[in-house]
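Peer 1: Below you will find the structure I want to go over with you.
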Amino acid sequence: MEEKTIYLDYAATTPISADVYKKMLECYSNYNGNSSSLYKLGREADAVLEEAREKVAKAIGAEPSEIYFTSGGTESNNWAIKGIARANKMRGNHIITSAIEHPSILESCRELEKEGFKVTYIPVDENGVVDYASIIKAISPSTILISIMMANNEVGSLQPIRAIAELAKQNKICFHTDAVQAIGSLNINVKELGVDALSISAHKIYGPKGVGALYIKKGVKIEKFMSGGRQERNLRAGTVNVPLCAGLGEAIEIATTNLDEKVKNVRIVRKYFQKKLSEAIHNISLNGHPTQRLANNCSITFEGAESEAVVMMLDSVGIYASTGSACESGSSMPSHVLLAMGRDIEQVRTTVRFTFGEEITKEDVDIAVEKIRKVVKKIRSVSAIRIYKNKVEL
Amino acid sequence: MYSEKIMEEFLEPKNYGVIKGASGVGKVVSDVGSEIVKIFIKVEDDKIVDCQFQTFGGVVAIALSSIATTLMKDKTIEEVKNLTASSILEVSGDIPDNKSYLVGVVLSAMQKSIENYQNKSNGED
């Protein structure tokens, strides 16, 4: 009998839900017109597109006219950072972000630094939460943009977004948040939160890859992302991919319906995993805030067991997890998030991220924990760092 | 991503563990990826009769440690001294560029274990 595989990397990507798939198939079958065309075929496609826009808007408490479809979270982040900074450079050249942002934010900031912008990277505490006081200190008359993620993708820590948004508002600074990991885990209302721009991705919420959205509050100055036709209110040129956008619309509607109940179930299973794992394996620790964290995230440090070795051996027994984040795997670079949290290089090199989805059951957890126990034991037996209960010997 | 041989040696590594009262021990910590490779040898009549490793590192570090210790076994000290990066790569097959430094790390742990044995034999340790 084939061994059951258990996917514990939902933060990397999720499968496409059956309803999303059905909606997209319907689009590919029936709505192949160009949504910008004036005739019936075009109008029909446009109607599907606008229905999707309404769904995205509704899910985050925005107006449909404030939603712009993009190719995904990375594009949304690139556009928000560079577009807002460049459009507001007459007012100042200072940007505030954090040390634990997604590479698409950090690299965009570095690009802007080359253009003469100044960027302050706010540190985080040992739980991976940005230091609010440092943001207050960093604000200057030349600050035009603050971008802080809603929840961290590697360790799951939630950030004090509401407070930062308020601070930005008081100082008339534009505030963007990367909500890619938070959508589907947290109730989000952009008006209540007071954010000016917010990034969304579909493939983290059972939607298709290659599509996302950027919420841009009415009145926020932003440069266009792509030049060409007048699609997306003349800010993002290019024929819109209607089936993908419809997939995002469907996915976000499903993700935000009965959200509390779904999140509660995921949290129960993730906590069960944490409990079982700590009973089965000694000298492990949880990264990220103990309570203020995404329900589905469990970042674990296994002392003495190198994470790539653990992940690859788990792969061989049908358990899928990741070292740090998928966006940075393949590189030899240690996680910038864990380093920013003050972890030493060995702790960083022994951290594995397990992230959960709605399909994972306690039975799956029991199977996974037993396999993880065996794998960690094996890797530790090979390791030059010897682990004894509560004692590490080099 | 990794060659079949690398995966095979990683999933079923040979010669891992310690040799108590080893004739020589070589330990190297990588500056690049902070891997730790420790090689233990037992020498009788100028020949390596046992060779074990302990490695803190990923797939390639573990696989290469397994390959290197297998290569060292039953060889004379002189023969081991003549082993090169190519000797390891001939067995392992291709290694991704960003992991190629590990060949050097494992090779230097091998040579350090020999040096340590020779220093001990010469009464310098």
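So you can find residues: chains in the structure tokens are A, B, ... in the order shown, residues in each start at 1, and ligands are numbered from 1 in order.
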Using DSSP on the backbone coordinates, identify all residues within chain B classified as strand (DSSP E); present the result as a list of chain:residue names.

Peer 2: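 Put together, the selection reads B:Gly24, B:Val25, B:Gly26, B:Lys27, B:Val28, B:Val29, B:Ile36, B:Val37, B:Lys38, B:Ile39, B:Phe40, B:Ile41, B:Lys42, B:Val43, B:Glu44, B:Lys47, B:Ile48, B:Val49, B:Asp50, B:Cys51, B:Gln52, B:Phe53, B:Gln54, B:Thr55, B:Phe56.
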
Peer 1: Hey, what's within 7 Å of range 32-41 of chain B if we count only C-alpha atoms and toss same-chain stuff fewer than 3 positions away? As a list in words, please?

Peer 2: Ala384 of chain A; Val18, Ile19, Ala22, Ser23, Gly24, Val25, Gly26, Lys27, Val28, Val29, Ile48, Asp50, Cys51, Gln52, Phe53, Gln54, Thr55, Phe56, Gly57, Val106, Ala109, Met110 and Ser113 of chain B

Peer 1: Write the residues of the selection above to a file with N, CA and C atoms, as a PDB file, in the first residue's frame.

Peer 2:
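What ended up in selection.pdb:
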```pdb
ATOM      1  N   ALA A 384      27.203  16.280  14.327  1.00  0.00           N
ATOM      2  CA  ALA A 384      28.401  16.574  15.126  1.00  0.00           C
ATOM      3  C   ALA A 384      28.034  17.376  16.369  1.00  0.00           C
TER       4      ALA A 384
ATOM      5  N   VAL B  18      30.968   7.523  16.408  1.00  0.00           N
ATOM      6  CA  VAL B  18      32.302   7.880  16.915  1.00  0.00           C
ATOM      7  C   VAL B  18      33.157   6.625  17.038  1.00  0.00           C
ATOM      8  N   ILE B  19      34.474   6.827  17.068  1.00  0.00           N
ATOM      9  CA  ILE B  19      35.378   5.716  17.391  1.00  0.00           C
ATOM     10  C   ILE B  19      36.000   6.084  18.730  1.00  0.00           C
ATOM     11  N   ALA B  22      40.005   6.855  19.219  1.00  0.00           N
ATOM     12  CA  ALA B  22      40.415   6.936  17.804  1.00  0.00           C
ATOM     13  C   ALA B  22      41.906   7.268  17.681  1.00  0.00           C
ATOM     14  N   SER B  23      42.509   6.788  16.616  1.00  0.00           N
ATOM     15  CA  SER B  23      43.926   7.093  16.370  1.00  0.00           C
ATOM     16  C   SER B  23      44.085   8.551  15.939  1.00  0.00           C
ATOM     17  N   GLY B  24      43.056   9.077  15.287  1.00  0.00           N
ATOM     18  CA  GLY B  24      43.100  10.467  14.848  1.00  0.00           C
ATOM     19  C   GLY B  24      41.693  11.016  14.662  1.00  0.00           C
ATOM     20  N   VAL B  25      41.543  12.332  14.928  1.00  0.00           N
ATOM     21  CA  VAL B  25      40.249  12.991  14.734  1.00  0.00           C
ATOM     22  C   VAL B  25      40.476  14.292  13.974  1.00  0.00           C
ATOM     23  N   GLY B  26      39.655  14.534  12.966  1.00  0.00           N
ATOM     24  CA  GLY B  26      39.740  15.802  12.229  1.00  0.00           C
ATOM     25  C   GLY B  26      38.400  16.499  12.276  1.00  0.00           C
ATOM     26  N   LYS B  27      38.423  17.764  12.688  1.00  0.00           N
ATOM     27  CA  LYS B  27      37.159  18.509  12.761  1.00  0.00           C
ATOM     28  C   LYS B  27      37.288  19.818  12.001  1.00  0.00           C
ATOM     29  N   VAL B  28      36.291  20.088  11.156  1.00  0.00           N
ATOM     30  CA  VAL B  28      36.291  21.337  10.384  1.00  0.00           C
ATOM     31  C   VAL B  28      34.924  21.998  10.507  1.00  0.00           C
ATOM     32  N   VAL B  29      34.940  23.310  10.757  1.00  0.00           N
ATOM     33  CA  VAL B  29      33.696  24.085  10.776  1.00  0.00           C
ATOM     34  C   VAL B  29      33.727  24.992   9.547  1.00  0.00           C
ATOM     35  N   ILE B  48      44.070   2.420   7.493  1.00  0.00           N
ATOM     36  CA  ILE B  48      42.840   2.847   8.182  1.00  0.00           C
ATOM     37  C   ILE B  48      41.885   1.648   8.248  1.00  0.00           C
ATOM     38  N   ASP B  50      39.286   1.528  10.444  1.00  0.00           N
ATOM     39  CA  ASP B  50      37.909   2.000  10.690  1.00  0.00           C
ATOM     40  C   ASP B  50      37.888   3.515  10.523  1.00  0.00           C
ATOM     41  N   CYS B  51      36.748   3.999  10.071  1.00  0.00           N
ATOM     42  CA  CYS B  51      36.601   5.432   9.818  1.00  0.00           C
ATOM     43  C   CYS B  51      35.133   5.794  10.027  1.00  0.00           C
ATOM     44  N   GLN B  52      34.891   6.778  10.867  1.00  0.00           N
ATOM     45  CA  GLN B  52      33.508   7.180  11.168  1.00  0.00           C
ATOM     46  C   GLN B  52      33.383   8.699  11.075  1.00  0.00           C
ATOM     47  N   PHE B  53      32.145   9.172  10.941  1.00  0.00           N
ATOM     48  CA  PHE B  53      31.966  10.635  10.905  1.00  0.00           C
ATOM     49  C   PHE B  53      30.779  11.069  11.746  1.00  0.00           C
ATOM     50  N   GLN B  54      30.850  12.331  12.121  1.00  0.00           N
ATOM     51  CA  GLN B  54      29.688  13.013  12.703  1.00  0.00           C
ATOM     52  C   GLN B  54      29.598  14.341  11.973  1.00  0.00           C
ATOM     53  N   THR B  55      28.464  14.617  11.373  1.00  0.00           N
ATOM     54  CA  THR B  55      28.331  15.845  10.582  1.00  0.00           C
ATOM     55  C   THR B  55      27.056  16.592  10.922  1.00  0.00           C
ATOM     56  N   PHE B  56      27.244  17.875  11.208  1.00  0.00           N
ATOM     57  CA  PHE B  56      26.099  18.772  11.351  1.00  0.00           C
ATOM     58  C   PHE B  56      26.022  19.532  10.032  1.00  0.00           C
ATOM     59  N   GLY B  57      25.033  19.191   9.246  1.00  0.00           N
ATOM     60  CA  GLY B  57      24.908  19.831   7.938  1.00  0.00           C
ATOM     61  C   GLY B  57      23.754  19.224   7.166  1.00  0.00           C
ATOM     62  N   VAL B 106      34.874  18.605   3.636  1.00  0.00           N
ATOM     63  CA  VAL B 106      35.016  17.180   3.959  1.00  0.00           C
ATOM     64  C   VAL B 106      36.467  16.720   3.726  1.00  0.00           C
ATOM     65  N   ALA B 109      38.597  17.865   6.544  1.00  0.00           N
ATOM     66  CA  ALA B 109      38.372  17.054   7.770  1.00  0.00           C
ATOM     67  C   ALA B 109      39.125  15.725   7.651  1.00  0.00           C
ATOM     68  N   MET B 110      39.137  15.144   6.434  1.00  0.00           N
ATOM     69  CA  MET B 110      39.882  13.890   6.185  1.00  0.00           C
ATOM     70  C   MET B 110      41.362  14.109   6.484  1.00  0.00           C
ATOM     71  N   SER B 113      42.280  14.598  10.114  1.00  0.00           N
ATOM     72  CA  SER B 113      42.286  13.360  10.915  1.00  0.00           C
ATOM     73  C   SER B 113      43.622  12.639  10.741  1.00  0.00           C
TER      74      SER B 113
END
```

Peer 1: For a quick test of understanding: name the residues of chain A lying within 12 Å of chain B when counting only C-alpha atoms, and present them as an MDAnalysis selection string.

Peer 2: chainID A and resid 303:317 323 329:334 344:350 375 378:387 394

Peer 1: For CA of Val49 in chain B and CA of Thr76 in chain B, determine how far apart the two atoms are, in Å to one decimal place.

Peer 2: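 It comes out at 9.1 Å.
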
Peer 1: Write out as number ranges by chain the set of residues from chain B that DSSP, computed on the backbone, places in helix (DSSP H, G or I).

Peer 2: B: 4-11, 59-72, 77-81, 85-92, 97-99, 101-121

Peer 1: Just how far from CA of Glu126 in chain A is CA of Cys298 in chain A, in Å to one decimal?

Peer 2: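 CA of Glu126 in chain A lies at a distance of 15.6 Å from CA of Cys298 in chain A.
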
Peer 1: For Met24 in chain A, which residue out of A:Leu49, A:Val130, A:Leu235, A:Arg270 is the nearest one, using only C-alpha atoms?

Peer 2: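 Among the listed residues, the smallest separation from Met24 in chain A belongs to A:Leu49.
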